[in-house]
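Heads up, my_file-v5.cif below (mmCIF, C-alpha atoms):
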```
data_coords
#
loop_
_atom_site.group_PDB
_atom_site.id
_atom_site.type_symbol
_atom_site.label_atom_id
_atom_site.label_comp_id
_atom_site.auth_asym_id
_atom_site.auth_seq_id
_atom_site.Cartn_x
_atom_site.Cartn_y
_atom_site.Cartn_z
ATOM 1 C CA MET A 1 21.633 -4.942 41.199
ATOM 2 C CA GLU A 2 22.487 -4.966 37.509
ATOM 3 C CA MET A 3 20.091 -6.662 35.110
ATOM 4 C CA THR A 4 21.283 -7.954 31.776
ATOM 5 C CA MET A 5 19.223 -8.958 28.787
ATOM 6 C CA THR A 6 19.805 -12.035 26.750
ATOM 7 C CA ALA A 7 20.130 -11.694 22.972
ATOM 8 C CA ASP A 8 16.666 -13.201 22.536
ATOM 9 C CA GLU A 9 15.110 -10.748 24.996
ATOM 10 C CA TYR A 10 16.812 -7.843 23.247
ATOM 11 C CA ARG A 11 15.611 -9.071 19.848
ATOM 12 C CA ALA A 12 12.052 -9.471 21.151
ATOM 13 C CA ARG A 13 12.057 -5.983 22.683
ATOM 14 C CA SER A 14 13.496 -4.462 19.511
ATOM 15 C CA ALA A 15 10.877 -6.239 17.385
ATOM 16 C CA LYS A 16 8.073 -4.975 19.611
ATOM 17 C CA SER A 17 9.401 -1.396 19.418
ATOM 18 C CA SER A 18 9.746 -1.533 15.628
ATOM 19 C CA LYS A 19 6.225 -2.860 15.197
ATOM 20 C CA LEU A 20 4.845 -0.193 17.521
ATOM 21 C CA ILE A 21 6.582 2.589 15.557
ATOM 22 C CA LEU A 22 5.183 1.190 12.291
ATOM 23 C CA LEU A 23 1.737 0.966 13.865
ATOM 24 C CA PHE A 24 1.898 4.645 14.885
ATOM 25 C CA ALA A 25 2.952 5.563 11.332
ATOM 26 C CA MET A 26 0.030 3.582 9.888
ATOM 27 C CA VAL A 27 -2.414 5.262 12.286
ATOM 28 C CA SER A 28 -1.185 8.700 11.199
ATOM 29 C CA MET A 29 -1.528 7.714 7.514
ATOM 30 C CA THR A 30 -5.044 6.459 8.228
ATOM 31 C CA MET A 31 -5.923 9.805 9.797
ATOM 32 C CA MET A 32 -4.587 11.639 6.745
ATOM 33 C CA PHE A 33 -6.731 9.533 4.391
ATOM 34 C CA ALA A 34 -9.714 9.945 6.725
ATOM 35 C CA GLY A 35 -9.253 13.699 6.313
ATOM 36 C CA LEU A 36 -9.070 13.382 2.525
ATOM 37 C CA THR A 37 -12.173 11.228 2.336
ATOM 38 C CA SER A 38 -13.993 13.613 4.707
ATOM 39 C CA ALA A 39 -13.117 16.495 2.392
ATOM 40 C CA PHE A 40 -14.416 14.365 -0.492
ATOM 41 C CA VAL A 41 -17.739 13.888 1.334
ATOM 42 C CA VAL A 42 -18.080 17.610 2.057
ATOM 43 C CA SER A 43 -17.158 18.582 -1.521
ATOM 44 C CA LYS A 44 -19.722 16.181 -2.949
ATOM 45 C CA SER A 45 -22.460 18.717 -2.202
ATOM 46 C CA ARG A 46 -20.941 21.245 -4.625
ATOM 47 C CA THR A 47 -22.945 22.054 -7.736
ATOM 48 C CA ASP A 48 -19.980 21.292 -10.011
ATOM 49 C CA TRP A 49 -19.544 17.765 -8.630
ATOM 50 C CA LEU A 50 -19.714 15.068 -11.344
ATOM 51 C CA LYS A 51 -22.593 12.752 -10.507
ATOM 52 C CA ASP A 52 -22.049 10.311 -13.393
ATOM 53 C CA PHE A 53 -18.270 9.859 -13.126
ATOM 54 C CA GLN A 54 -17.095 6.235 -13.337
ATOM 55 C CA LEU A 55 -13.771 4.859 -12.133
ATOM 56 C CA PRO A 56 -11.586 3.584 -14.976
ATOM 57 C CA PRO A 57 -11.336 -0.192 -15.571
ATOM 58 C CA ALA A 58 -7.604 -0.140 -14.775
ATOM 59 C CA PHE A 59 -8.445 0.749 -11.158
ATOM 60 C CA PHE A 60 -10.448 -2.489 -10.870
ATOM 61 C CA TYR A 61 -7.467 -4.495 -12.119
ATOM 62 C CA SER A 62 -5.037 -2.611 -9.882
ATOM 63 C CA THR A 63 -7.206 -3.518 -6.888
ATOM 64 C CA LEU A 64 -6.862 -7.217 -7.704
ATOM 65 C CA VAL A 65 -3.111 -6.762 -8.205
ATOM 66 C CA ILE A 66 -2.536 -5.099 -4.829
ATOM 67 C CA ILE A 67 -4.515 -7.849 -3.108
ATOM 68 C CA GLY A 68 -2.166 -10.276 -4.876
ATOM 69 C CA CYS A 69 0.802 -8.315 -3.449
ATOM 70 C CA SER A 70 -0.512 -8.825 0.042
ATOM 71 C CA VAL A 71 -0.986 -12.553 -0.527
ATOM 72 C CA THR A 72 2.488 -13.100 -1.997
ATOM 73 C CA PHE A 73 4.160 -11.063 0.756
ATOM 74 C CA HIS A 74 2.333 -13.094 3.402
ATOM 75 C CA LEU A 75 3.408 -16.324 1.716
ATOM 76 C CA ALA A 76 7.008 -15.034 1.534
ATOM 77 C CA LYS A 77 6.973 -14.383 5.282
ATOM 78 C CA ASN A 78 5.619 -17.889 5.919
ATOM 79 C CA ALA A 79 8.241 -19.424 3.626
ATOM 80 C CA MET A 80 11.047 -17.611 5.467
ATOM 81 C CA GLN A 81 9.689 -18.805 8.804
ATOM 82 C CA LYS A 82 10.129 -22.325 7.410
ATOM 83 C CA ASP A 83 13.635 -21.483 6.114
ATOM 84 C CA ASN A 84 12.499 -22.046 2.519
ATOM 85 C CA ARG A 85 14.837 -19.512 0.898
ATOM 86 C CA LYS A 86 13.944 -20.355 -2.709
ATOM 87 C CA ALA A 87 10.211 -19.900 -2.172
ATOM 88 C CA THR A 88 10.883 -16.695 -0.215
ATOM 89 C CA THR A 89 12.982 -15.327 -3.084
ATOM 90 C CA ASN A 90 10.342 -16.152 -5.689
ATOM 91 C CA LEU A 91 7.509 -14.712 -3.597
ATOM 92 C CA LEU A 92 9.367 -11.500 -2.743
ATOM 93 C CA LEU A 93 10.232 -10.942 -6.409
ATOM 94 C CA THR A 94 6.621 -11.686 -7.377
ATOM 95 C CA THR A 95 5.468 -9.106 -4.820
ATOM 96 C CA LEU A 96 7.843 -6.562 -6.355
ATOM 97 C CA VAL A 97 6.563 -7.244 -9.882
ATOM 98 C CA LEU A 98 2.951 -6.993 -8.710
ATOM 99 C CA GLY A 99 3.717 -3.753 -6.846
ATOM 100 C CA ILE A 100 5.211 -2.229 -9.994
ATOM 101 C CA LEU A 101 2.244 -3.512 -12.018
ATOM 102 C CA PHE A 102 -0.095 -1.787 -9.547
ATOM 103 C CA VAL A 103 1.697 1.533 -10.161
ATOM 104 C CA VAL A 104 1.544 1.014 -13.950
ATOM 105 C CA LEU A 105 -2.184 0.237 -13.770
ATOM 106 C CA GLN A 106 -2.785 3.393 -11.741
ATOM 107 C CA PHE A 107 -1.181 5.478 -14.477
ATOM 108 C CA VAL A 108 -3.115 3.554 -17.130
ATOM 109 C CA GLY A 109 -6.242 4.459 -15.142
ATOM 110 C CA PHE A 110 -5.237 8.136 -15.179
ATOM 111 C CA GLY A 111 -4.846 7.852 -18.950
ATOM 112 C CA GLN A 112 -8.290 6.286 -19.256
ATOM 113 C CA ILE A 113 -9.800 9.148 -17.272
ATOM 114 C CA VAL A 114 -8.148 11.727 -19.543
ATOM 115 C CA ALA A 115 -9.206 9.736 -22.635
ATOM 116 C CA ASN A 116 -12.802 10.052 -21.406
ATOM 117 C CA GLY A 117 -12.443 13.845 -21.433
ATOM 118 C CA TYR A 118 -11.828 14.444 -17.738
ATOM 119 C CA TYR A 119 -8.753 16.310 -16.507
ATOM 120 C CA PHE A 120 -7.094 16.592 -13.119
ATOM 121 C CA THR A 121 -5.765 20.153 -13.288
ATOM 122 C CA GLY A 122 -6.299 23.284 -15.300
ATOM 123 C CA ALA A 123 -9.360 25.030 -16.632
ATOM 124 C CA GLU A 124 -10.946 21.777 -17.880
ATOM 125 C CA SER A 125 -10.536 19.942 -14.567
ATOM 126 C CA THR A 126 -13.335 19.208 -12.131
ATOM 127 C CA ILE A 127 -13.313 18.998 -8.362
ATOM 128 C CA THR A 128 -14.283 15.319 -8.653
ATOM 129 C CA THR A 129 -11.288 14.319 -10.777
ATOM 130 C CA THR A 130 -8.927 16.537 -8.788
ATOM 131 C CA PHE A 131 -9.954 14.796 -5.555
ATOM 132 C CA LEU A 132 -9.554 11.405 -7.215
ATOM 133 C CA TYR A 133 -6.086 12.395 -8.397
ATOM 134 C CA VAL A 134 -5.000 13.706 -4.980
ATOM 135 C CA VAL A 135 -6.219 10.584 -3.165
ATOM 136 C CA THR A 136 -4.645 8.107 -5.591
ATOM 137 C CA VAL A 137 -1.339 9.972 -5.934
ATOM 138 C CA THR A 138 -1.072 10.240 -2.143
ATOM 139 C CA HIS A 139 -1.570 6.478 -1.947
ATOM 140 C CA LEU A 140 1.057 6.019 -4.677
ATOM 141 C CA PHE A 141 3.566 8.017 -2.600
ATOM 142 C CA HIS A 142 2.986 5.657 0.310
ATOM 143 C CA LEU A 143 3.283 2.721 -2.064
ATOM 144 C CA ALA A 144 6.637 4.091 -3.259
ATOM 145 C CA GLY A 145 7.795 3.776 0.354
ATOM 146 C CA GLY A 146 6.533 0.203 0.322
ATOM 147 C CA ILE A 147 8.449 -0.608 -2.855
ATOM 148 C CA ILE A 148 11.633 0.913 -1.417
ATOM 149 C CA SER A 149 11.235 -1.120 1.770
ATOM 150 C CA LEU A 150 10.570 -4.228 -0.337
ATOM 151 C CA LEU A 151 13.796 -3.608 -2.284
ATOM 152 C CA VAL A 152 15.678 -3.352 1.028
ATOM 153 C CA ILE A 153 14.056 -6.588 2.211
ATOM 154 C CA ILE A 154 15.014 -8.361 -1.039
ATOM 155 C CA TYR A 155 18.586 -7.055 -0.712
ATOM 156 C CA ASN A 156 18.794 -8.241 2.910
ATOM 157 C CA HIS A 157 17.304 -11.586 1.897
ATOM 158 C CA PHE A 158 20.018 -12.067 -0.734
ATOM 159 C CA LYS A 159 22.599 -11.102 1.923
ATOM 160 C CA GLN A 160 21.058 -13.919 4.029
ATOM 161 C CA LYS A 161 20.103 -11.643 6.919
ATOM 162 C CA TYR A 162 16.821 -13.482 7.424
ATOM 163 C CA ASN A 163 16.141 -17.009 8.619
ATOM 164 C CA SER A 164 13.413 -18.810 10.538
ATOM 165 C CA THR A 165 14.482 -17.131 13.790
ATOM 166 C CA GLN A 166 15.129 -13.654 12.320
ATOM 167 C CA THR A 167 12.203 -12.463 10.195
ATOM 168 C CA LEU A 168 11.612 -8.984 11.632
ATOM 169 C CA GLY A 169 12.325 -7.101 8.383
ATOM 170 C CA ILE A 170 9.988 -9.306 6.389
ATOM 171 C CA GLU A 171 7.317 -9.077 9.109
ATOM 172 C CA LEU A 172 7.468 -5.272 9.127
ATOM 173 C CA GLY A 173 7.359 -5.170 5.323
ATOM 174 C CA ALA A 174 4.370 -7.520 5.270
ATOM 175 C CA MET A 175 2.556 -5.392 7.874
ATOM 176 C CA TYR A 176 3.066 -2.283 5.768
ATOM 177 C CA TRP A 177 1.993 -3.983 2.512
ATOM 178 C CA HIS A 178 -1.129 -5.388 4.173
ATOM 179 C CA PHE A 179 -1.871 -1.861 5.361
ATOM 180 C CA LEU A 180 -1.372 -0.452 1.828
ATOM 181 C CA ASP A 181 -3.612 -3.200 0.471
ATOM 182 C CA PHE A 182 -6.363 -2.497 3.006
ATOM 183 C CA LEU A 183 -6.017 1.243 2.423
ATOM 184 C CA TRP A 184 -6.377 0.956 -1.359
ATOM 185 C CA VAL A 185 -9.341 -1.424 -1.103
ATOM 186 C CA TYR A 186 -11.000 1.049 1.275
ATOM 187 C CA LEU A 187 -10.257 3.986 -1.066
ATOM 188 C CA PHE A 188 -11.421 2.055 -4.121
ATOM 189 C CA LEU A 189 -14.705 1.024 -2.501
ATOM 190 C CA PHE A 190 -15.201 4.537 -1.139
ATOM 191 C CA LEU A 191 -14.613 6.123 -4.553
ATOM 192 C CA TYR A 192 -16.718 3.485 -6.325
ATOM 193 C CA PHE A 193 -19.792 3.580 -4.081
ATOM 194 C CA PHE A 194 -19.695 7.120 -2.704
ATOM 195 C CA LYS A 195 -20.185 9.228 -5.829
#
```
How would this structure read if it were set down as structure tokens?
Amino acid sequence: MEMTMTADEYRARSAKSSKLILLFAMVSMTMMFAGLTSAFVVSKSRTDWLKDFQLPPAFFYSTLVIIGCSVTFHLAKNAMQKDNRKATTNLLLTTLVLGILFVVLQFVGFGQIVANGYYFTGAESTITTTFLYVVTVTHLFHLAGGIISLLVIIYNHFKQKYNSTQTLGIELGAMYWHFLDFLWVYLFLFLYFFK
């Protein structure tokens, strides 16, 4: 007996598979950052660890910006589910601008750290600043993937590939951005409170 799937069943199965693959990817990224923060905890007992190091002000602002990214992406997904193309366009572009602003603020933060006399590499570097650099740059690499996926989503949106019944790309993008947001907030709070 041959069973056939309807287009809706196929779409639902494909969506479930895509979300599961993304979930596995996010779990593996979480494990990587758990390893980095564990190494941070172990290294904290070193005698050359900086006890009075403060995160730069730009990192505080970048945290607010990435939370804004998550909010605007969520609102874009909701707007598309209501077939509000104009609002979706504006919110996706706002998310892109905020994502780029987050990256800029991270580099401003690196500059503030160097301006305070701390370095990430070389003879003048410390284990504290090197760990901070590795953790934040690793997050930035993952964020670069998020920006690329957001550009693809914006392109597909302009090609009118999404509507109220077909929002999988936007849903996957929103899941990943929410993950990046949560991950940065976790890293920020970890780095701020666990000195």
- [ ] Apply the PyMOL selection byres ((chain A and resi 99-109) around 10) to the file shown and report the selected residues as number ranges by chain.
- [x] A: 55-70, 93-98, 110-115, 136-137, 140, 143-144, 146-147, 150, 177
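A straight line drawn from CA of Gln160 in chain A to CA of Leu91 in chain A is 15.6 Å long.
Of note, CA of Glu9 in chain A and CA of His74 in chain A are spaced 25.2 Å apart.
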Open item on the list: My list of candidates is A:Ile170, A:Leu191, A:Ala25, A:Ala87. Which is closest to Tyr155 in chain A when distances are computed with all atoms listed in the file?
Closed with: A:Ile170
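Each of A:Asn163, A:Ser28, A:Thr4, A:Thr37 was checked against Phe188 in chain A using only C-alpha atoms; the smallest atom-to-atom distance is that of A:Thr37.
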Task: All residues 10 Å or closer to Leu50 in chain A, all atoms listed in the file, same chain fewer than 6 positions away omitted, as an NGL selection string - done: :A and (44 or 126-129 or 195)
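Distance-wise, CA of Leu23 in chain A and CA of Thr89 in chain A end up 26.1 Å apart.
Excluding Phe194 in chain A itself and same-chain residues fewer than 5 positions from it, the residues having an atom within 12 Å of it are Thr37, Ser38, Phe40, Val41, Val42, Ser43, Lys44, Ser45, Leu50, Lys51, Asp52, Phe53, Gln54, Leu55, Thr128, Leu132, Tyr186, Leu187, Phe188 and Leu189 of chain A, counting only C-alpha atoms.
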Mind listing whatever residues come within 12 Å of the point (15.6, -18.4, 16.2)? Use all atoms listed in the file, file coordinates, and give them as a short mmCIF file (atom, residue, chain, number, x, y, z; two decimals) with C-alpha atoms, in the coordinates of the input.
```cif
data_model
loop_
_atom_site.label_atom_id
_atom_site.label_comp_id
_atom_site.auth_asym_id
_atom_site.auth_seq_id
_atom_site.Cartn_x
_atom_site.Cartn_y
_atom_site.Cartn_z
CA ALA A 7 20.13 -11.69 22.97
CA ASP A 8 16.67 -13.20 22.54
CA GLU A 9 15.11 -10.75 25.00
CA ARG A 11 15.61 -9.07 19.85
CA ALA A 12 12.05 -9.47 21.15
CA MET A 80 11.05 -17.61 5.47
CA GLN A 81 9.69 -18.80 8.80
CA LYS A 82 10.13 -22.32 7.41
CA ASP A 83 13.64 -21.48 6.11
CA TYR A 162 16.82 -13.48 7.42
CA ASN A 163 16.14 -17.01 8.62
CA SER A 164 13.41 -18.81 10.54
CA THR A 165 14.48 -17.13 13.79
CA GLN A 166 15.13 -13.65 12.32
CA THR A 167 12.20 -12.46 10.20
CA LEU A 168 11.61 -8.98 11.63
#
```
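For the residues A:Gly145, A:Ile21, A:Thr138, A:Thr30, ranking by smallest atom-to-atom distance to Leu183 in chain A using all atoms listed in the file places A:Thr30 first.
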